[in-house]
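Asks: final-v6.cif (mmCIF, C-alpha atoms) pasted underneath:
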data_data
loop_
_atom_site.label_atom_id
_atom_site.label_comp_id
_atom_site.auth_asym_id
_atom_site.auth_seq_id
_atom_site.Cartn_x
_atom_site.Cartn_y
_atom_site.Cartn_z
CA MET A 1 112.26 85.79 141.79
CA PHE A 2 111.62 87.51 145.10
CA PRO A 3 109.75 86.29 148.19
CA LEU A 4 106.01 86.95 148.17
CA SER A 5 106.20 89.86 150.60
CA VAL A 6 108.79 91.63 148.43
CA ARG A 7 106.70 91.03 145.29
CA ILE A 8 103.63 92.53 146.95
CA LEU A 9 105.70 95.54 148.01
CA LEU A 10 107.11 95.98 144.50
CA VAL A 11 103.69 95.78 142.85
CA THR A 12 102.28 98.27 145.35
CA LEU A 13 105.18 100.66 144.79
CA CYS A 14 104.93 100.35 140.99
CA PHE A 15 101.19 101.03 140.95
CA SER A 16 101.59 103.88 143.45
CA ALA A 17 104.34 105.43 141.32
CA ALA A 18 102.22 105.01 138.18
CA THR A 19 99.27 106.70 139.88
CA TYR A 20 101.45 109.52 141.19
CA ARG A 21 103.14 110.07 137.82
CA PHE A 22 99.76 110.06 136.09
CA TYR A 23 98.36 112.54 138.60
CA GLU A 24 101.39 114.81 138.11
CA GLY A 25 100.90 114.68 134.34
CA LYS A 26 104.23 112.95 133.65
CA GLU A 27 104.49 110.78 130.58
CA SER A 28 106.45 107.99 132.31
CA TRP A 29 103.49 106.57 134.25
CA PRO A 30 102.95 103.65 131.79
CA LEU A 31 106.46 102.38 132.56
CA TYR A 32 105.60 101.98 136.23
CA LEU A 33 102.26 100.41 135.35
CA PHE A 34 103.93 97.86 133.05
CA ALA A 35 106.56 97.11 135.69
CA GLY A 36 103.81 96.32 138.20
CA LEU A 37 101.99 94.16 135.67
CA PHE A 38 105.25 92.35 134.90
CA PHE A 39 105.75 91.49 138.59
CA ILE A 40 102.19 90.14 138.73
CA TYR A 41 102.77 88.08 135.58
CA GLU A 42 106.01 86.66 136.99
CA HIS A 43 104.26 85.76 140.23
CA PHE A 44 101.85 83.48 138.40
CA LYS A 45 104.28 82.09 135.80
CA GLY A 46 107.36 81.58 137.98
CA GLY A 47 106.08 81.62 141.53
CA SER A 48 108.64 81.03 144.24
CA ILE A 49 110.01 77.91 142.60
CA TRP A 50 113.59 79.11 142.27
CA LEU A 51 113.60 80.21 145.89
CA ALA A 52 112.28 76.78 146.87
CA PHE A 53 114.99 75.09 144.80
CA GLN A 54 117.71 77.20 146.43
CA ALA A 55 116.32 76.22 149.84
CA TYR A 56 116.38 72.57 148.72
CA ARG A 57 120.04 72.88 147.72
CA LYS A 58 120.79 74.30 151.17
CA LYS A 59 118.76 71.47 152.78
CA LYS A 60 116.29 73.88 154.38
CA LEU A 61 113.16 71.81 153.90
CA TYR A 62 110.94 74.08 156.00
CA TRP A 63 111.61 76.87 153.51
CA VAL A 64 110.97 74.53 150.57
CA ARG A 65 107.52 73.80 151.97
CA ARG A 66 106.89 77.47 152.61
CA PHE A 67 107.94 78.61 149.13
CA LEU A 68 105.98 75.82 147.44
CA SER A 69 102.88 76.77 149.39
CA ASN A 70 103.12 80.28 147.87
CA THR A 71 102.38 78.82 144.44
CA TYR A 72 98.81 79.78 143.66
CA LYS A 73 98.08 77.40 140.78
CA PRO A 74 100.86 75.04 139.65
CA GLU A 75 99.16 74.52 136.30
CA TRP A 76 99.73 78.22 135.50
CA LEU A 77 103.51 77.93 135.90
CA ARG A 78 105.78 77.90 132.85
CA PRO A 79 106.91 74.37 131.89
CA SER A 80 110.41 74.65 133.37
CA SER A 81 108.97 75.89 136.67
CA LYS A 82 106.42 73.05 136.67
CA SER A 83 109.18 70.44 136.49
CA TYR A 84 110.90 71.88 139.55
CA TYR A 85 107.60 72.39 141.39
CA TYR A 86 106.61 68.74 141.00
CA PHE A 87 110.15 67.53 141.73
CA LEU A 88 110.32 69.51 144.97
CA THR A 89 106.80 68.46 145.93
CA ALA A 90 107.91 64.84 145.47
CA VAL A 91 110.88 65.49 147.77
CA ILE A 92 108.49 66.78 150.43
CA ASN A 93 106.17 63.78 149.84
CA THR A 94 109.10 61.41 150.34
CA ILE A 95 110.10 63.10 153.58
CA ASP A 96 106.51 62.78 154.77
CA GLY A 97 106.51 59.07 153.81
CA ASP A 98 103.88 59.53 151.10
CA LEU A 99 105.52 57.48 148.34
CA LYS A 100 102.41 57.18 146.16
CA ASN A 101 102.13 60.95 145.81
CA ALA A 102 105.89 61.19 145.36
CA LYS A 103 105.61 58.75 142.45
CA ARG A 104 102.76 60.75 140.94
CA ASN A 105 104.59 64.06 141.32
CA LEU A 106 107.88 62.71 139.92
CA SER A 107 106.05 61.16 136.97
CA THR A 108 104.54 64.57 136.30
CA ALA A 109 107.89 66.35 136.78
CA ILE A 110 109.73 64.31 134.14
CA LYS A 111 107.11 65.27 131.55
CA PHE A 112 108.32 68.88 131.68
CA PRO A 113 111.74 70.22 130.70
CA PHE A 114 114.40 70.74 133.35
CA SER A 115 116.96 73.50 132.96
CA ASN A 116 119.75 70.94 132.51
CA GLU A 117 120.25 67.23 131.87
CA HIS A 118 121.77 66.70 135.30
CA MET A 119 118.46 67.54 137.00
CA ARG A 120 116.55 65.34 134.57
CA CYS A 121 118.88 62.45 135.43
CA LEU A 122 118.44 63.14 139.14
CA ALA A 123 114.64 63.11 138.77
CA HIS A 124 114.73 59.77 136.94
CA CYS A 125 117.01 58.25 139.60
CA PHE A 126 114.72 59.54 142.31
CA LEU A 127 111.69 58.08 140.51
CA ALA A 128 113.46 54.72 140.13
CA GLU A 129 114.17 54.71 143.84
CA VAL A 130 110.54 55.50 144.70
CA TYR A 131 109.33 52.66 142.45
CA ILE A 132 111.71 50.26 144.17
CA ASP A 133 110.53 51.42 147.59
CA LEU A 134 106.96 50.76 146.47
CA GLY A 135 107.94 47.22 145.40
CA GLU A 136 107.75 47.84 141.66
CA LYS A 137 111.26 46.62 140.83
CA ASP A 138 110.80 46.29 137.06
CA LYS A 139 109.52 49.82 136.64
CA GLY A 140 112.30 51.09 138.92
CA LYS A 141 114.90 49.27 136.82
CA GLU A 142 113.45 50.83 133.67
CA PHE A 143 113.84 54.35 135.05
CA TYR A 144 117.31 53.51 136.39
CA GLU A 145 118.48 52.39 132.93
CA PHE A 146 116.98 55.51 131.39
CA ALA A 147 118.79 57.67 133.97
CA CYS A 148 122.11 55.96 133.20
CA ASN A 149 121.80 57.08 129.56
CA ILE A 150 121.22 60.74 130.42
CA THR A 151 124.24 63.03 130.43
CA HIS A 152 124.99 64.07 133.99
CA ARG A 153 127.72 65.46 136.21
CA THR A 154 130.10 63.09 137.95
CA GLU A 155 128.78 64.05 141.38
CA ILE A 156 125.65 61.96 140.74
CA ASN A 157 127.64 58.79 139.89
CA PRO A 158 127.69 57.50 143.51
CA MET A 159 123.88 57.76 143.63
CA ILE A 160 123.55 55.90 140.32
CA GLU A 161 126.00 53.19 141.46
CA LYS A 162 124.18 52.78 144.79
CA LEU A 163 120.85 52.49 142.98
CA GLY A 164 122.37 49.94 140.57
CA ARG A 165 123.64 47.81 143.48
CA ARG A 166 120.23 48.03 145.12
CA ILE A 167 118.53 46.78 141.95
CA GLU A 168 121.06 43.93 141.63
CA ASP A 169 120.44 42.91 145.24
CA LEU A 170 116.71 42.69 144.58
CA ALA A 171 117.22 40.42 141.53
#
As structure tokens, what does this structure read like?
Replies:
Amino acid sequence: MFPLSVRILLVTLCFSAATYRFYEGKESWPLYLFAGLFFIYEHFKGGSIWLAFQAYRKKKLYWVRRFLSNTYKPEWLRPSSKSYYYFLTAVINTIDGDLKNAKRNLSTAIKFPFSNEHMRCLAHCFLAEVYIDLGEKDKGKEFYEFACNITHRTEINPMIEKLGRRIEDLA
């Protein structure tokens, strides 16, 4: 979706156009009204999650924080957006050194569907790593084994191998 400022501008323009078209007696005013309502609906159901994820992929963590803070109520997001919201929040928690909240957010994230299996595997690997950092090796190993069985792209194999070696070293 668009940044918050652009969404506000679009809603304002749509409602202004609907009002103007209604005032002029044109029959197309409901189209502008529905467009404005659609942008409002998308704001609450999708938020700025995709923008935050794109910022995460570009390693711009300031923007991830900023886009996540634009989310009014995470519980109102659609399920696929919730998974990314909680995943990205866990990333921010980890950077801040708050592993307990990272664990909580990742546990919540894996309950919702991701757009692809690769991201689901990444979330499980990340959760396994957080459990290991918290000293819960058995739980971390459980999530690691689950992540190994999820179909994923080859680019995540080094992360899985590194996590596997780390678990073996702790044994």
Asks: Near Met159 of chain A, within 10 Å and counting all atoms listed in the file, which residues show up once chain neighbours fewer than 4 positions away are dropped, as a PyMOL selection string?
Replies: chain A and resi 122+125-126+154-155+163-165
Asks: Residues of the last selection are to be written out with C-alpha atoms, as a compact mmCIF listing (two decimals), keeping the file's coordinate frame.
Replies:
# COMPACT_ATOMS: atom_id res chain seq x y z
CA LEU A 122 118.44 63.14 139.14
CA CYS A 125 117.01 58.25 139.60
CA PHE A 126 114.72 59.54 142.31
CA THR A 154 130.10 63.09 137.95
CA GLU A 155 128.78 64.05 141.38
CA LEU A 163 120.85 52.49 142.98
CA GLY A 164 122.37 49.94 140.57
CA ARG A 165 123.64 47.81 143.48
Asks: Using the chain letters and numbering of this document, enumerate as an MDAnalysis selection string the residues selected by the PyMOL selection byres ((chain A and resi 98-109) around 10).
Replies: chainID A and resid 79:97 110:114 120 123:124 126:131 133:134
Asks: Can you tell me, as a PyMOL selection string, what residues are no more than 6 Å from segment 46-53 of chain A when counting all atoms listed in the file, ignoring any on the same chain fewer than 6 positions away?
Replies: chain A and resi 64+67+71+77
Asks: Quick one: residues within 7 Å of Phe15 of chain A, all atoms listed in the file, excluding same-chain residues fewer than 6 positions away - as a list in words?
Replies: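 With the cut-off at 7 Å, the set is Tyr32, Leu33 and Gly36 of chain A.
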Asks: Which of these, A:Lys141, A:Arg66, A:His43, A:Lys59, has the shortest distance to Arg78 of chain A once you count all atoms listed in the file?
Replies: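 Of A:Lys141, A:Arg66, A:His43, A:Lys59, the one nearest Arg78 of chain A, counting all atoms listed in the file, is A:His43.
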Asks: Need the neighbours of (109.5, 95.1, 144.9): which residues are at most 12 Å away, counting only C-alpha atoms, as an mmCIF file with C-alpha atoms, keeping the file's coordinate frame?
Replies:
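Heads up, here's the output in selection.cif:
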data_model
loop_
_atom_site.group_PDB
_atom_site.id
_atom_site.type_symbol
_atom_site.label_atom_id
_atom_site.label_comp_id
_atom_site.auth_asym_id
_atom_site.auth_seq_id
_atom_site.Cartn_x
_atom_site.Cartn_y
_atom_site.Cartn_z
ATOM 1 C CA MET A 1 112.260 85.790 141.790
ATOM 2 C CA PHE A 2 111.620 87.510 145.100
ATOM 3 C CA PRO A 3 109.750 86.290 148.190
ATOM 4 C CA LEU A 4 106.010 86.950 148.170
ATOM 5 C CA SER A 5 106.200 89.860 150.600
ATOM 6 C CA VAL A 6 108.790 91.630 148.430
ATOM 7 C CA ARG A 7 106.700 91.030 145.290
ATOM 8 C CA ILE A 8 103.630 92.530 146.950
ATOM 9 C CA LEU A 9 105.700 95.540 148.010
ATOM 10 C CA LEU A 10 107.110 95.980 144.500
ATOM 11 C CA VAL A 11 103.690 95.780 142.850
ATOM 12 C CA THR A 12 102.280 98.270 145.350
ATOM 13 C CA LEU A 13 105.180 100.660 144.790
ATOM 14 C CA CYS A 14 104.930 100.350 140.990
ATOM 15 C CA PHE A 15 101.190 101.030 140.950
ATOM 16 C CA SER A 16 101.590 103.880 143.450
ATOM 17 C CA TYR A 32 105.600 101.980 136.230
ATOM 18 C CA ALA A 35 106.560 97.110 135.690
ATOM 19 C CA GLY A 36 103.810 96.320 138.200
ATOM 20 C CA LEU A 37 101.990 94.160 135.670
ATOM 21 C CA PHE A 38 105.250 92.350 134.900
ATOM 22 C CA PHE A 39 105.750 91.490 138.590
ATOM 23 C CA ILE A 40 102.190 90.140 138.730
ATOM 24 C CA HIS A 43 104.260 85.760 140.230
#
Asks: Atom CA of Ile150 of chain A to atom CA of Cys121 of chain A: how many Å, to one decimal?
Replies: 5.8 Å
Asks: If I take atom CA of Ala18 of chain A and atom CA of Trp76 of chain A, how far is one from the other in Å, to one decimal?
Replies: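 One can read the atom CA of Ala18 of chain A to atom CA of Trp76 of chain A distance as 27.0 Å.
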Asks: Atom CA of Tyr144 of chain A to atom CA of Arg166 of chain A: how many Å, to one decimal?
Replies: 10.7 Å
Asks: Which is closer to Ile156 of chain A than all the others in A:Lys73, A:His118, A:Arg57, A:Arg21, using only C-alpha atoms?
Replies: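 Ranking A:Lys73, A:His118, A:Arg57, A:Arg21 by distance to Ile156 of chain A, first place goes to A:His118.
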Asks: Point out the residue among A:Glu42, A:Glu117, A:Asp169, A:Glu136 with the least atom-to-atom distance to His152 of chain A, counting all atoms listed in the file.
Replies: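 Of A:Glu42, A:Glu117, A:Asp169, A:Glu136, the one nearest His152 of chain A is A:Glu117, counting all atoms listed in the file.
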